[in-house]
file entry17.pdb (PDB, C-alpha atoms and all ligand atoms)
ATOM      1  CA  MET A 264      52.024  27.712 196.315
ATOM      2  CA  GLN A 265      50.090  24.632 195.183
ATOM      3  CA  THR A 266      50.469  23.838 191.493
ATOM      4  CA  GLY A 267      48.650  21.333 189.356
ATOM      5  CA  LEU A 268      48.422  20.273 185.742
ATOM      6  CA  ILE A 269      45.381  20.486 183.499
ATOM      7  CA  ILE A 270      44.990  17.015 182.046
ATOM      8  CA  SER A 271      41.586  17.247 180.433
ATOM      9  CA  SER A 272      39.085  19.756 179.136
ATOM     10  CA  TYR A 273      35.382  19.195 178.513
ATOM     11  CA  GLY A 274      33.973  22.315 176.944
ATOM     12  CA  ARG A 275      34.599  24.860 179.675
ATOM     13  CA  GLN A 276      35.210  22.236 182.373
ATOM     14  CA  PHE A 277      38.676  21.079 183.362
ATOM     15  CA  ILE A 278      40.296  18.227 185.239
ATOM     16  CA  VAL A 279      43.373  19.171 187.246
ATOM     17  CA  GLU A 280      45.948  16.682 188.483
ATOM     18  CA  TYR A 281      47.422  17.593 191.842
ATOM     19  CA  GLN A 282      49.689  15.266 193.831
ATOM     20  CA  ASN A 283      48.689  12.228 191.766
ATOM     21  CA  LYS A 284      44.975  12.793 192.234
ATOM     22  CA  ASN A 285      42.451  14.239 189.799
ATOM     23  CA  TYR A 286      40.134  17.092 190.725
ATOM     24  CA  GLN A 287      37.282  18.863 189.038
ATOM     25  CA  ALA A 288      38.370  22.455 188.513
ATOM     26  CA  VAL A 289      36.281  25.433 189.413
ATOM     27  CA  THR A 290      37.248  28.653 187.708
ATOM     28  CA  LYS A 291      36.229  31.886 189.298
ATOM     29  CA  GLY A 292      36.142  35.539 188.441
ATOM     30  CA  LYS A 293      37.453  36.807 185.160
ATOM     31  CA  LYS A 294      36.919  34.629 182.141
ATOM     32  CA  THR A 295      40.251  33.023 181.454
ATOM     33  CA  GLU A 296      40.901  30.312 178.949
ATOM     34  CA  PHE A 297      42.735  27.210 180.032
ATOM     35  CA  VAL A 298      43.998  24.288 178.036
ATOM     36  CA  VAL A 299      45.455  20.802 178.492
ATOM     37  CA  GLY A 300      49.119  21.095 179.425
ATOM     38  CA  ASP A 301      48.691  24.260 181.479
ATOM     39  CA  LYS A 302      50.390  24.382 184.834
ATOM     40  CA  VAL A 303      48.097  26.186 187.239
ATOM     41  CA  GLU A 304      48.209  27.682 190.661
ATOM     42  CA  LEU A 305      45.316  26.303 192.688
ATOM     43  CA  LYS A 306      43.473  26.219 195.990
ATOM     44  CA  LEU A 307      41.985  23.019 197.344
ATOM     45  CA  ILE A 308      38.247  23.298 197.914
ATOM     46  CA  ASN A 309      37.505  19.727 199.018
ATOM     47  CA  ASP A 310      38.317  16.127 198.129
ATOM     48  CA  GLU A 311      36.971  16.505 194.633
ATOM     49  CA  GLN A 312      37.370  20.123 193.660
ATOM     50  CA  VAL A 313      40.090  22.699 193.263
ATOM     51  CA  GLN A 314      39.864  26.309 192.301
ATOM     52  CA  ILE A 315      42.229  27.494 189.582
ATOM     53  CA  VAL A 316      43.814  30.753 190.672
ATOM     54  CA  GLN A 317      45.936  31.417 187.613
ATOM     55  CA  VAL A 318      47.930  29.875 184.815
ATOM     56  CA  ILE A 319      51.684  29.659 185.235
ATOM     57  CA  GLU A 320      53.382  31.228 182.250
ATOM     58  CA  ARG A 321      53.244  28.884 179.258
ATOM     59  CA  GLU A 322      56.357  27.792 177.395
ATOM     60  CA  ASN A 323      54.313  27.564 174.244
ATOM     61  CA  LEU A 324      50.716  27.362 173.125
ATOM     62  CA  ILE A 325      49.266  26.059 169.935
ATOM     63  CA  TYR A 326      46.002  27.128 168.468
ATOM     64  CA  ARG A 327      44.117  27.353 165.237
ATOM     65  CA  SER A 328      41.956  30.152 163.980
ATOM     66  CA  ASP A 329      39.669  31.276 161.212
ATOM     67  CA  HIS A 330      38.374  34.745 160.437
ATOM     68  CA  ASN A 331      36.032  34.956 163.381
ATOM     69  CA  ARG A 332      37.507  32.889 166.176
ATOM     70  CA  SER A 333      40.502  31.042 167.471
ATOM     71  CA  LYS A 334      40.682  27.893 169.510
ATOM     72  CA  ILE A 335      43.528  26.911 171.798
ATOM     73  CA  ILE A 336      44.565  23.268 171.524
ATOM     74  CA  ALA A 337      47.384  22.536 174.009
ATOM     75  CA  SER A 338      50.312  24.130 175.788
ATOM     76  CA  ASN A 339      53.817  23.388 177.074
ATOM     77  CA  LEU A 340      54.600  20.838 174.375
ATOM     78  CA  ASP A 341      57.904  19.305 173.341
ATOM     79  CA  GLN A 342      56.601  17.554 170.259
ATOM     80  CA  ILE A 343      53.635  17.466 167.897
ATOM     81  CA  ILE A 344      52.866  14.182 166.204
ATOM     82  CA  ILE A 345      50.786  14.637 163.099
ATOM     83  CA  VAL A 346      48.949  11.382 162.439
ATOM     84  CA  VAL A 347      48.047  10.747 158.813
ATOM     85  CA  ALA A 348      46.678   7.697 157.003
ATOM     86  CA  VAL A 349      45.513   6.825 153.520
ATOM     87  CA  LYS A 350      42.019   6.150 154.917
ATOM     88  CA  PRO A 351      39.387   7.463 155.477
ATOM     89  CA  ASN A 352      40.026  10.847 153.825
ATOM     90  CA  PHE A 353      43.585  12.175 153.859
ATOM     91  CA  ASN A 354      43.820  15.924 153.291
ATOM     92  CA  LEU A 355      47.179  17.338 152.190
ATOM     93  CA  SER A 356      46.345  20.906 153.211
ATOM     94  CA  PHE A 357      45.628  19.718 156.706
ATOM     95  CA  LEU A 358      49.100  18.175 156.973
ATOM     96  CA  ASN A 359      50.668  21.342 155.574
ATOM     97  CA  SER A 360      48.769  23.498 158.065
ATOM     98  CA  CYS A 361      49.874  21.375 161.005
ATOM     99  CA  LEU A 362      53.488  21.707 159.881
ATOM    100  CA  ILE A 363      53.139  25.489 159.656
ATOM    101  CA  CYS A 364      51.718  25.488 163.168
ATOM    102  CA  ALA A 365      54.694  23.465 164.425
ATOM    103  CA  GLU A 366      57.157  25.765 162.655
ATOM    104  CA  GLU A 367      55.478  28.867 164.000
ATOM    105  CA  SER A 368      55.467  27.637 167.570
ATOM    106  CA  GLN A 369      58.940  26.073 167.192
ATOM    107  CA  ILE A 370      57.768  22.696 168.410
ATOM    108  CA  GLU A 371      59.348  19.719 166.750
ATOM    109  CA  PRO A 372      56.938  17.821 164.479
ATOM    110  CA  LEU A 373      56.962  14.106 163.740
ATOM    111  CA  ILE A 374      54.754  12.814 160.937
ATOM    112  CA  VAL A 375      53.341   9.376 161.679
ATOM    113  CA  ILE A 376      51.970   7.563 158.667
ATOM    114  CA  ASN A 377      49.559   5.160 160.323
ATOM    115  CA  LYS A 378      47.657   2.118 158.987
ATOM    116  CA  MET A 379      50.719   0.740 157.171
ATOM    117  CA  ASP A 380      49.055  -2.692 157.402
ATOM    118  CA  LEU A 381      46.665  -1.599 154.639
ATOM    119  CA  PRO A 382      48.028  -2.515 151.168
ATOM    120  CA  GLU A 383      47.248   0.914 149.709
ATOM    121  CA  SER A 384      49.416   2.583 152.358
ATOM    122  CA  THR A 385      52.743   1.763 150.695
ATOM    123  CA  GLU A 386      52.279   3.964 147.644
ATOM    124  CA  PHE A 387      50.709   6.687 149.780
ATOM    125  CA  ALA A 388      53.656   6.632 152.199
ATOM    126  CA  ASN A 389      56.221   6.695 149.393
ATOM    127  CA  LYS A 390      54.673   9.829 147.923
ATOM    128  CA  LEU A 391      54.600  11.591 151.264
ATOM    129  CA  LYS A 392      58.156  10.594 152.102
ATOM    130  CA  ALA A 393      59.470  11.894 148.763
ATOM    131  CA  VAL A 394      58.253  15.401 149.583
ATOM    132  CA  PHE A 395      58.095  15.702 153.359
ATOM    133  CA  ASN A 396      61.146  13.689 154.293
ATOM    134  CA  GLU A 397      63.496  13.718 151.303
ATOM    135  CA  GLN A 398      62.884  17.338 150.302
ATOM    136  CA  LEU A 399      61.727  19.008 153.489
ATOM    137  CA  LYS A 400      63.640  16.836 155.980
ATOM    138  CA  TYR A 401      60.742  16.290 158.378
ATOM    139  CA  GLN A 402      60.949  13.143 160.496
ATOM    140  CA  ILE A 403      58.522  10.473 159.345
ATOM    141  CA  LEU A 404      57.633   7.184 161.007
ATOM    142  CA  GLU A 405      55.602   4.519 159.234
ATOM    143  CA  LEU A 406      53.412   2.702 161.701
ATOM    144  CA  SER A 407      50.551   0.322 162.125
ATOM    145  CA  ALA A 408      48.961   1.215 165.420
ATOM    146  CA  VAL A 409      47.237  -2.158 165.527
ATOM    147  CA  ASP A 410      50.393  -4.218 164.771
ATOM    148  CA  ASN A 411      53.553  -2.423 165.837
ATOM    149  CA  CYS A 412      52.801   0.670 167.874
ATOM    150  CA  GLU A 413      55.789   0.024 170.160
ATOM    151  CA  GLN A 414      57.991   1.478 167.381
ATOM    152  CA  LEU A 415      56.691   4.862 168.433
ATOM    153  CA  MET A 416      57.837   4.561 172.038
ATOM    154  CA  PRO A 417      61.438   5.829 171.585
ATOM    155  CA  TYR A 418      60.067   9.072 170.109
ATOM    156  CA  LEU A 419      57.911   9.685 173.158
ATOM    157  CA  ILE A 420      60.307   9.158 176.055
ATOM    158  CA  GLY A 421      61.125  12.292 178.015
ATOM    159  CA  LYS A 422      58.685  14.457 176.089
ATOM    160  CA  ARG A 423      55.249  15.985 176.298
ATOM    161  CA  THR A 424      53.636  15.068 173.000
ATOM    162  CA  LEU A 425      50.379  16.071 171.330
ATOM    163  CA  LEU A 426      48.714  13.851 168.741
ATOM    164  CA  ILE A 427      46.886  15.821 166.094
ATOM    165  CA  GLY A 428      45.246  14.796 162.890
ATOM    166  CA  GLN A 429      42.024  14.497 161.015
ATOM    167  CA  SER A 430      39.272  12.364 162.461
ATOM    168  CA  GLY A 431      39.733   8.624 161.955
ATOM    169  CA  MET A 432      43.511   8.616 161.454
ATOM    170  CA  GLY A 433      44.105   6.511 164.577
ATOM    171  CA  LYS A 434      45.142   8.943 167.338
ATOM    172  CA  SER A 435      43.107   7.216 170.036
ATOM    173  CA  THR A 436      44.167   3.773 168.831
ATOM    174  CA  ILE A 437      47.797   4.864 169.255
ATOM    175  CA  THR A 438      47.002   6.360 172.670
ATOM    176  CA  ASN A 439      45.462   3.102 173.887
ATOM    177  CA  GLN A 440      48.438   1.078 172.675
ATOM    178  CA  ILE A 441      50.933   3.377 174.394
ATOM    179  CA  CYS A 442      48.872   3.974 177.559
ATOM    180  CA  PRO A 443      46.598   0.928 177.961
ATOM    181  CA  GLU A 444      44.879   2.435 180.992
ATOM    182  CA  ALA A 445      43.704   5.335 178.817
ATOM    183  CA  GLY A 446      40.705   3.406 177.548
ATOM    184  CA  ALA A 447      40.102   6.054 174.902
ATOM    185  CA  ARG A 448      37.116   5.405 172.704
ATOM    186  CA  THR A 449      37.999   4.592 169.082
ATOM    187  CA  GLY A 450      35.706   4.748 166.100
ATOM    188  CA  GLU A 451      34.663   2.272 163.479
ATOM    189  CA  ILE A 452      36.248   3.100 160.184
ATOM    190  CA  THR A 453      32.924   3.005 158.323
ATOM    191  CA  LYS A 454      31.566   5.841 160.418
ATOM    192  CA  TYR A 455      34.152   8.253 158.988
ATOM    193  CA  GLU A 456      32.788   7.835 155.507
ATOM    194  CA  ASN A 457      29.995  10.209 156.494
ATOM    195  CA  SER A 458      32.488  12.853 157.442
ATOM    196  CA  GLY A 459      32.010  15.320 160.244
ATOM    197  CA  CYS A 460      31.776  12.926 163.159
ATOM    198  CA  HIS A 461      34.468  12.577 165.765
ATOM    199  CA  THR A 462      34.940   9.759 168.182
ATOM    200  CA  THR A 463      37.107  11.650 170.646
ATOM    201  CA  THR A 464      35.308  14.656 172.031
ATOM    202  CA  ASN A 465      37.779  16.117 174.497
ATOM    203  CA  ALA A 466      41.529  16.523 174.805
ATOM    204  CA  THR A 467      43.121  14.347 177.490
ATOM    205  CA  LEU A 468      46.697  13.977 178.678
ATOM    206  CA  TYR A 469      47.904  10.510 179.687
ATOM    207  CA  HIS A 470      51.147   9.711 181.490
ATOM    208  CA  ILE A 471      53.569   7.273 179.893
ATOM    209  CA  ASP A 472      56.054   7.562 182.754
ATOM    210  CA  GLY A 473      57.176  10.219 185.213
ATOM    211  CA  ASN A 474      58.433  12.569 182.516
ATOM    212  CA  SER A 475      56.703  11.493 179.331
ATOM    213  CA  ASP A 476      53.090  12.025 178.404
ATOM    214  CA  LEU A 477      50.770  11.903 175.447
ATOM    215  CA  THR A 478      47.719  14.042 174.736
ATOM    216  CA  ASP A 479      44.954  12.683 172.531
ATOM    217  CA  CYS A 480      42.593  15.260 171.107
ATOM    218  CA  PRO A 481      39.499  15.292 168.910
ATOM    219  CA  GLY A 482      40.081  15.043 165.174
ATOM    220  CA  LEU A 483      39.988  18.267 163.258
ATOM    221  CA  GLN A 484      38.729  18.787 159.745
ATOM    222  CA  GLU A 485      40.283  22.203 159.306
ATOM    223  CA  PHE A 486      43.350  23.737 160.796
ATOM    224  CA  GLY A 487      42.940  27.481 160.297
ATOM    225  CA  LEU A 488      46.033  29.664 160.128
ATOM    226  CA  TYR A 489      44.320  33.021 160.279
ATOM    227  CA  HIS A 490      46.554  34.198 163.125
ATOM    228  CA  ILE A 491      49.740  33.946 161.035
ATOM    229  CA  GLU A 492      51.390  37.140 159.794
ATOM    230  CA  LEU A 493      51.631  37.229 156.007
ATOM    231  CA  THR A 494      55.096  38.797 156.137
ATOM    232  CA  GLN A 495      56.366  35.821 158.165
ATOM    233  CA  PHE A 496      54.428  33.046 156.480
ATOM    234  CA  ALA A 497      57.146  32.011 153.978
ATOM    235  CA  GLU A 498      59.662  31.535 156.783
ATOM    236  CA  TYR A 499      57.591  28.607 158.007
ATOM    237  CA  PHE A 500      58.345  26.731 154.755
ATOM    238  CA  PRO A 501      61.805  25.178 155.166
ATOM    239  CA  GLU A 502      62.233  24.890 151.391
ATOM    240  CA  MET A 503      61.654  28.623 150.880
ATOM    241  CA  ARG A 504      64.057  29.955 153.472
ATOM    242  CA  GLU A 505      67.169  29.965 151.327
ATOM    243  CA  PHE A 506      65.397  32.066 148.684
ATOM    244  CA  LEU A 507      63.854  34.689 150.910
ATOM    245  CA  GLY A 508      66.670  37.215 150.608
ATOM    246  CA  GLY A 509      66.821  36.894 146.836
ATOM    247  CA  CYS A 510      63.626  38.625 145.720
ATOM    248  CA  LYS A 511      63.742  41.998 143.956
ATOM    249  CA  PHE A 512      61.534  43.669 146.555
ATOM    250  CA  ASN A 513      62.449  43.223 150.175
ATOM    251  CA  ASN A 514      58.773  43.220 151.185
ATOM    252  CA  CYS A 515      57.965  40.537 148.580
ATOM    253  CA  VAL A 516      55.257  38.113 149.731
ATOM    254  CA  HIS A 517      55.976  35.800 146.793
ATOM    255  CA  LEU A 518      52.583  36.000 145.103
ATOM    256  CA  ASN A 519      52.600  38.246 142.031
ATOM    257  CA  GLU A 520      55.688  40.382 142.462
ATOM    258  CA  PRO A 521      58.245  40.514 139.620
ATOM    259  CA  ALA A 522      61.663  38.893 140.035
ATOM    260  CA  CYS A 523      60.553  36.767 142.964
ATOM    261  CA  ALA A 524      63.206  34.209 143.907
ATOM    262  CA  VAL A 525      60.620  31.890 145.493
ATOM    263  CA  ARG A 526      58.497  31.776 142.329
ATOM    264  CA  GLN A 527      61.597  31.181 140.234
ATOM    265  CA  ALA A 528      62.445  28.224 142.457
ATOM    266  CA  VAL A 529      58.933  26.864 141.916
ATOM    267  CA  GLU A 530      59.299  27.282 138.126
ATOM    268  CA  SER A 531      62.626  25.446 138.170
ATOM    269  CA  LYS A 532      60.951  22.706 140.252
ATOM    270  CA  ILE A 533      63.274  23.201 143.221
ATOM    271  CA  ILE A 534      60.210  23.982 145.335
ATOM    272  CA  ASP A 535      57.355  21.497 145.127
ATOM    273  CA  GLN A 536      54.436  22.892 143.099
ATOM    274  CA  GLN A 537      51.738  21.609 145.473
ATOM    275  CA  ARG A 538      53.481  23.126 148.493
ATOM    276  CA  TYR A 539      53.639  26.462 146.680
ATOM    277  CA  GLU A 540      49.944  26.224 145.753
ATOM    278  CA  PHE A 541      49.182  25.728 149.430
ATOM    279  CA  TYR A 542      51.332  28.792 150.209
ATOM    280  CA  GLN A 543      49.466  30.838 147.581
ATOM    281  CA  ARG A 544      46.033  29.862 148.841
ATOM    282  CA  ILE A 545      46.734  30.705 152.477
ATOM    283  CA  ALA A 546      48.779  33.814 151.662
ATOM    284  CA  ASN A 547      45.930  35.186 149.542
ATOM    285  CA  ASN A 548      43.593  34.780 152.518
ATOM    286  CA  LEU A 549      46.045  36.441 154.878
ATOM    287  CA  LYS A 550      46.395  39.286 152.401
ATOM    288  CA  LEU A 551      42.657  39.979 152.559
ATOM    289  CA  LYS A 552      42.836  40.139 156.347
ATOM    290  CA  LYS A 553      45.500  42.818 156.437
ATOM    291  CA  ASN A 554      44.628  44.686 153.257
ATOM    292  CA  TYR A 555      48.253  44.905 152.266
TER     293      TYR A 555
HETATM  294  N1  LIG A 601      43.907  -0.997 159.574
HETATM  295  C1  LIG A 601      44.180  -0.155 160.561
HETATM  296  N2  LIG A 601      43.170   0.499 161.174
HETATM  297  C2  LIG A 601      43.481   1.347 162.168
HETATM  298  C3  LIG A 601      44.823   1.578 162.589
HETATM  299  N3  LIG A 601      44.801   2.496 163.572
HETATM  300  C4  LIG A 601      43.509   2.820 163.768
HETATM  301  N4  LIG A 601      42.700   2.117 162.935
HETATM  302  C5  LIG A 601      41.235   2.185 162.833
HETATM  303  O1  LIG A 601      40.844   3.467 162.410
HETATM  304  C6  LIG A 601      39.602   3.831 163.005
HETATM  305  C7  LIG A 601      39.708   5.186 163.675
HETATM  306  O2  LIG A 601      40.632   5.113 164.747
HETATM  307  P1  LIG A 601      40.617   6.129 165.977
HETATM  308  O3  LIG A 601      41.800   5.772 166.806
HETATM  309  O4  LIG A 601      39.295   6.196 166.616
HETATM  310  O5  LIG A 601      40.885   7.511 165.190
HETATM  311  P2  LIG A 601      41.030   8.976 165.825
HETATM  312  O6  LIG A 601      42.140   9.632 165.051
HETATM  313  O7  LIG A 601      41.201   8.907 167.278
HETATM  314  O8  LIG A 601      39.638   9.662 165.431
HETATM  315  P3  LIG A 601      38.878  10.905 166.173
HETATM  316  O9  LIG A 601      38.824  10.611 167.621
HETATM  317  O10 LIG A 601      37.549  10.981 165.522
HETATM  318  O11 LIG A 601      39.727  12.101 165.868
HETATM  319  C8  LIG A 601      39.264   2.706 163.965
HETATM  320  O12 LIG A 601      38.341   1.832 163.296
HETATM  321  C9  LIG A 601      40.576   2.016 164.196
HETATM  322  O13 LIG A 601      40.444   0.651 164.530
HETATM  323  C10 LIG A 601      45.870   0.864 161.918
HETATM  324  O14 LIG A 601      47.056   0.984 162.185
HETATM  325  N5  LIG A 601      45.477   0.027 160.915
HETATM  326 MG    MG A 602      40.117   9.728 168.822
HETATM  327 ZN    ZN A 603      59.417  36.754 146.523
END

call {"tool": "encode", "arguments": {"input": "entry17.pdb", "output": "structure tokens"}}
result
Amino acid sequence: MQTGLIISSYGRQFIVEYQNKNYQAVTKGKKTEFVVGDKVELKLINDEQVQIVQVIERENLIYRSDHNRSKIIASNLDQIIIVVAVKPNFNLSFLNSCLICAEESQIEPLIVINKMDLPESTEFANKLKAVFNEQLKYQILELSAVDNCEQLMPYLIGKRTLLIGQSGMGKSTITNQICPEAGARTGEITKYENSGCHTTTNATLYHIDGNSDLTDCPGLQEFGLYHIELTQFAEYFPEMREFLGGCKFNNCVHLNEPACAVRQAVESKIIDQQRYEFYQRIANNLKLKKNY
């Protein structure tokens, strides 16, 4: 059996790496979705093309979804790096959603606070660290991709890592520093002020060494969690876990129920208010979906 690795996707087109050479993939027959990180069984067609026969079972798969569609992002990951920065337009909900995604798929997250060379980054980083590192115990690395990106290297060795984040946070800049041959296009910061434009348009996996790689993907503005089950949602909040058995009702979803241990922890400021507000907003949406 010949097996290759999907290293890039362009719309419905894929590039497959097979024996150190890249091929354009042809997919035949039933409409199957593939994604960067997939190991695939293939047949060689010629010097430039392979046919994908099928996907080898994935160890994990991350995707986002809203009420009418879902989009797969990457598979077979060891780590998700969530890249945030004070500029151009940091969105706290986006960070929270990425963390939920990592918790749900049981892939270790690392939060990289990029652009630490900007003076306004210090206060921004301190606020994030107080909640996400000191309270929630997520790993955080402060970085300036343009000055000291090599600090990131120890976190990448031996792992398959995905960079995710809003547009303009510096994912491609990091990719180019770590894998200089990547030549990923990066955007001018001014362009992000008219939001909605992305510099990177397709996900691509780059090798760091024989068993470490890094996937750069297009910036996202939203990270929909519509696929999450409401009854499991609270478990993806590390700060809520210890309270989950303590509610009056054992099917409590921690919104309006009486004697809810999670809400009591919010009132006594043990659980961060903004994190709970994020929980409430998403949980109310998930509730509509299921008509609980
Ligand atoms: N000051 C500063 N600017 C940075 C840093 N890292 C990236 N930038 C700038 O931020 C802008 C956006 O960087 P990109 O790497 O294109 O961002 P991206 O996350 O790949 O954006 P999309 O591809 O649209 O998702 C560029 O102008 C970079 O030069 C940094 O550490 N410090
Ligand atoms: Mg980019
Ligand atoms: Zn409760």

call {"tool": "atom_distance", "arguments": {"input": "entry17.pdb", "atom1": "CA of Val289 in chain A", "atom2": "CA of Asp476 in chain A"}}
result
24.2 Å

call {"tool": "atom_distance", "arguments": {"input": "entry17.pdb", "atom1": "CA of Val516 in chain A", "atom2": "CA of Leu399 in chain A"}}
result
20.5 Å

call {"tool": "resolve_selection", "arguments": {"input": "entry17.pdb", "expression": "the PyMOL selection byres (((chain A and resi 475) around 8) and not hetatm)", "output": "list in words"}}
result
Leu419, Ile420, Gly421, Lys422, Arg423, Thr424, His470, Ile471, Asp472, Gly473, Asn474, Asp476 and Leu477 of chain A

call {"tool": "closest_residue", "arguments": {"input": "entry17.pdb", "among": "A:Pro521, A:Gly482, A:Gly508, A:Gly487", "to": "ligand MG 602 (chain A)", "atoms": "all atoms listed in the file"}}
result
A:Gly482

call {"tool": "closest_atom_pairs", "arguments": {"input": "entry17.pdb", "of": "chain A", "to": "ligand MG 602 (chain A)", "cutoff": "7 Å", "atoms": "all atoms listed in the file", "output": "CSV"}}
result
residue,atom,partner,partner_atom,distance
A:Ser430,CA,A:MG602,MG,6.9
A:Gly431,CA,A:MG602,MG,7.0
A:Gly433,CA,A:MG602,MG,6.7
A:Lys434,CA,A:MG602,MG,5.3
A:Ser435,CA,A:MG602,MG,4.1
A:Arg448,CA,A:MG602,MG,6.5
A:Thr449,CA,A:MG602,MG,5.6
A:Thr462,CA,A:MG602,MG,5.2
A:Thr463,CA,A:MG602,MG,4.0
A:Asp479,CA,A:MG602,MG,6.8
A:Cys480,CA,A:MG602,MG,6.5
A:Pro481,CA,A:MG602,MG,5.6
A:Gly482,CA,A:MG602,MG,6.4

call {"tool": "resolve_selection", "arguments": {"input": "entry17.pdb", "expression": "the PyMOL selection byres (((chain A and resi 306) around 8) and not hetatm)", "output": "PDB file with C-alpha atoms, keeping the file's coordinate frame"}}
result
ATOM      1  CA  GLN A 265      50.090  24.632 195.183  1.00  0.00           C
ATOM      2  CA  GLU A 304      48.209  27.682 190.661  1.00  0.00           C
ATOM      3  CA  LEU A 305      45.316  26.303 192.688  1.00  0.00           C
ATOM      4  CA  LEU A 307      41.985  23.019 197.344  1.00  0.00           C
ATOM      5  CA  ILE A 308      38.247  23.298 197.914  1.00  0.00           C
ATOM      6  CA  VAL A 313      40.090  22.699 193.263  1.00  0.00           C
ATOM      7  CA  GLN A 314      39.864  26.309 192.301  1.00  0.00           C
ATOM      8  CA  ILE A 315      42.229  27.494 189.582  1.00  0.00           C
ATOM      9  CA  VAL A 316      43.814  30.753 190.672  1.00  0.00           C
TER      10      VAL A 316
END

call {"tool": "closest_atom_pairs", "arguments": {"input": "entry17.pdb", "of": "chain A", "to": "ligand LIG 601 (chain A)", "cutoff": "9 Å", "atoms": "only C-alpha atoms and all ligand atoms", "output": "CSV"}}
result
residue,atom,partner,partner_atom,distance
A:Val346,CA,A:LIG601,O6,7.5
A:Val347,CA,A:LIG601,O6,8.7
A:Ala348,CA,A:LIG601,C10,8.5
A:Lys350,CA,A:LIG601,O1,8.0
A:Pro351,CA,A:LIG601,O1,8.1
A:Ile376,CA,A:LIG601,O14,8.9
A:Asn377,CA,A:LIG601,O14,5.2
A:Lys378,CA,A:LIG601,O14,3.4
A:Met379,CA,A:LIG601,O14,6.2
A:Asp380,CA,A:LIG601,N5,5.7
A:Leu381,CA,A:LIG601,N1,5.7
A:Leu406,CA,A:LIG601,O14,6.6
A:Ser407,CA,A:LIG601,O14,3.6
A:Ala408,CA,A:LIG601,O14,3.8
A:Val409,CA,A:LIG601,O14,4.6
A:Asp410,CA,A:LIG601,O14,6.7
A:Asn411,CA,A:LIG601,O14,8.2
A:Cys412,CA,A:LIG601,O14,8.1
A:Leu426,CA,A:LIG601,O6,8.6
A:Ile427,CA,A:LIG601,O6,7.9
A:Gly428,CA,A:LIG601,O6,6.4
A:Gln429,CA,A:LIG601,O11,5.9
A:Ser430,CA,A:LIG601,O11,3.4
A:Gly431,CA,A:LIG601,O5,3.6
A:Met432,CA,A:LIG601,O6,4.0
A:Gly433,CA,A:LIG601,O3,3.3
A:Lys434,CA,A:LIG601,O6,3.8
A:Ser435,CA,A:LIG601,O7,3.8
A:Thr436,CA,A:LIG601,O3,3.7
A:Ile437,CA,A:LIG601,O3,6.5
A:Thr438,CA,A:LIG601,O3,7.9
A:Asn439,CA,A:LIG601,O3,8.4
A:Ala447,CA,A:LIG601,O7,8.2
A:Arg448,CA,A:LIG601,O4,6.5
A:Thr449,CA,A:LIG601,O4,3.2
A:Gly450,CA,A:LIG601,O4,3.9
A:Glu451,CA,A:LIG601,O12,3.7
A:Ile452,CA,A:LIG601,O12,4.0
A:Thr453,CA,A:LIG601,O12,7.4
A:Lys454,CA,A:LIG601,O12,8.4
A:Tyr455,CA,A:LIG601,O10,7.9
A:Gly459,CA,A:LIG601,O10,8.8
A:Cys460,CA,A:LIG601,O10,6.5
A:His461,CA,A:LIG601,O10,3.5
A:Thr462,CA,A:LIG601,O10,3.9
A:Thr463,CA,A:LIG601,O9,3.6
A:Thr464,CA,A:LIG601,O9,6.9
A:Asn465,CA,A:LIG601,O9,8.9
A:Asp479,CA,A:LIG601,O7,7.5
A:Cys480,CA,A:LIG601,O11,6.8
A:Pro481,CA,A:LIG601,O11,4.4
A:Gly482,CA,A:LIG601,O11,3.0
A:Leu483,CA,A:LIG601,O11,6.7

call {"tool": "atom_distance", "arguments": {"input": "entry17.pdb", "atom1": "CA of Ala466 in chain A", "atom2": "CA of Pro417 in chain A"}}
result
22.8 Å

call {"tool": "resolve_selection", "arguments": {"input": "entry17.pdb", "expression": "the PyMOL selection byres (((chain A and resi 365) around 12) and not hetatm)", "output": "ChimeraX atom specification"}}
result
/A:323-327,340-345,358-364,366-374,401,425,427,486,488,499-501

call {"tool": "residues_near_ligand", "arguments": {"input": "entry17.pdb", "ligand": "ligand ZN 603 (chain A)", "cutoff": "9 Å", "atoms": "all atoms listed in the file", "output": "ChimeraX atom specification"}}
result
/A:506-527

call {"tool": "closest_residue", "arguments": {"input": "entry17.pdb", "among": "A:Pro443, A:Ser356, A:Tyr469, A:Ala528", "to": "Phe541 in chain A", "atoms": "all atoms listed in the file"}}
result
A:Ser356

call {"tool": "residues_around", "arguments": {"input": "entry17.pdb", "residues": "Val299 in chain A", "least_positions_apart": "4", "cutoff": "9 Å", "atoms": "all atoms listed in the file", "output": "list in words"}}
result
Leu268, Ile269, Ile270, Ser271, Ser272, Phe277, Ile278, Ile336, Ala337, Ser338, Asn339, Ala466, Thr467, Leu468 and Thr478 of chain A

call {"tool": "residues_near_point", "arguments": {"input": "entry17.pdb", "point": "(36.1, 28.7, 163.4)", "cutoff": "10 Å", "atoms": "all atoms listed in the file", "output": "PyMOL selection string"}}
result
chain A and resi 327-334+485-487+489

call {"tool": "closest_residue", "arguments": {"input": "entry17.pdb", "among": "A:Glu492, A:Asp535, A:Gln402, A:Asn309", "to": "Asn548 in chain A", "atoms": "all atoms listed in the file"}}
result
A:Glu492
